[in-house]
Amino acid sequence: MSRFSMLLVAVLLAGFAAFAQDSAQTSPPTTQAPPPATTSPKRNHMHGDRAEQRLRRMTKRLRLTDDQREKIRPILQDEEKQMASLEGDSSLTPHEQRRKEREIRMSSKTQIDAILTPEQKENMQSGKAGYGRRHPRHSGQANSPAADPGAPQ
């Protein structure tokens, strides 16, 4: 055999051995099943983070007091838990799921509104109006000429 052929065989064998060793280390044991996706601590942690992110945005936008933040935090966390359990409920039709999501959001909004001052509620509403300007389909005026100031009239 030529030197080149022997070198090629040696490199291929070394590569194969490294690949086999790497895959043996990373593959899970065959006797243990992976945990279900719905009970993953990372997933639950992610939902908690989402509630905290919303609380930070609300605090910044509405200038919430410490007392208000402590009252609103469990409301947002509970909403996220309910939404997560709803995601995993395969017994609901998509329409029923959207209806239930809306009920959960409305309940949270009602509870949060009871904590906010009139000025904060007004600021919250003006923030939603800004959202409608950026996203015409949510403003309820998507088909009117006023919805798009750059559109020819």
# chains A, B, ... in the order shown; residues from 1 in each chain; ligands from 1
>>> residues_around(residues="Ile112 of chain A", least_positions_apart="5", cutoff="10 Å", atoms="only C-alpha atoms", output="count of residues only")
9
>>> closest_atom_pairs(of="segment 60-83 of chain A", to="segment 96-101 of chain A", cutoff="12 Å", atoms="only C-alpha atoms", output="CSV")
residue,atom,partner,partner_atom,distance
A:Glu79,CA,A:Glu101,CA,9.3
A:Glu80,CA,A:Glu101,CA,10.3
A:Lys81,CA,A:Glu101,CA,11.5
A:Gln82,CA,A:Glu101,CA,8.6
A:Met83,CA,A:Glu101,CA,6.7
>>> closest_residue(among="A:Pro118, A:Ala14, A:Arg57, A:Arg50", to="Ala84 of chain A", atoms="only C-alpha atoms")
A:Arg50
>>> closest_residue(among="A:Leu92, A:Leu12, A:Leu62, A:Leu86", to="Gln125 of chain A", atoms="only C-alpha atoms")
A:Leu62
>>> closest_residue(among="A:Leu116, A:Arg54, A:Pro94, A:Ser85", to="Asp67 of chain A", atoms="only C-alpha atoms")
A:Leu116
>>> select_by_dssp(residues="segment 62-105 of chain A", states="helix (DSSP H, G or I)", output="VMD selection string")
chain A and resid 62 66 to 87 94 to 105
>>> atom_distance(atom1="atom CA of Thr110 of chain A", atom2="atom CA of Ser90 of chain A")
27.5 Å
>>> atom_distance(atom1="atom CA of Glu87 of chain A", atom2="atom CA of Lys60 of chain A")
29.0 Å
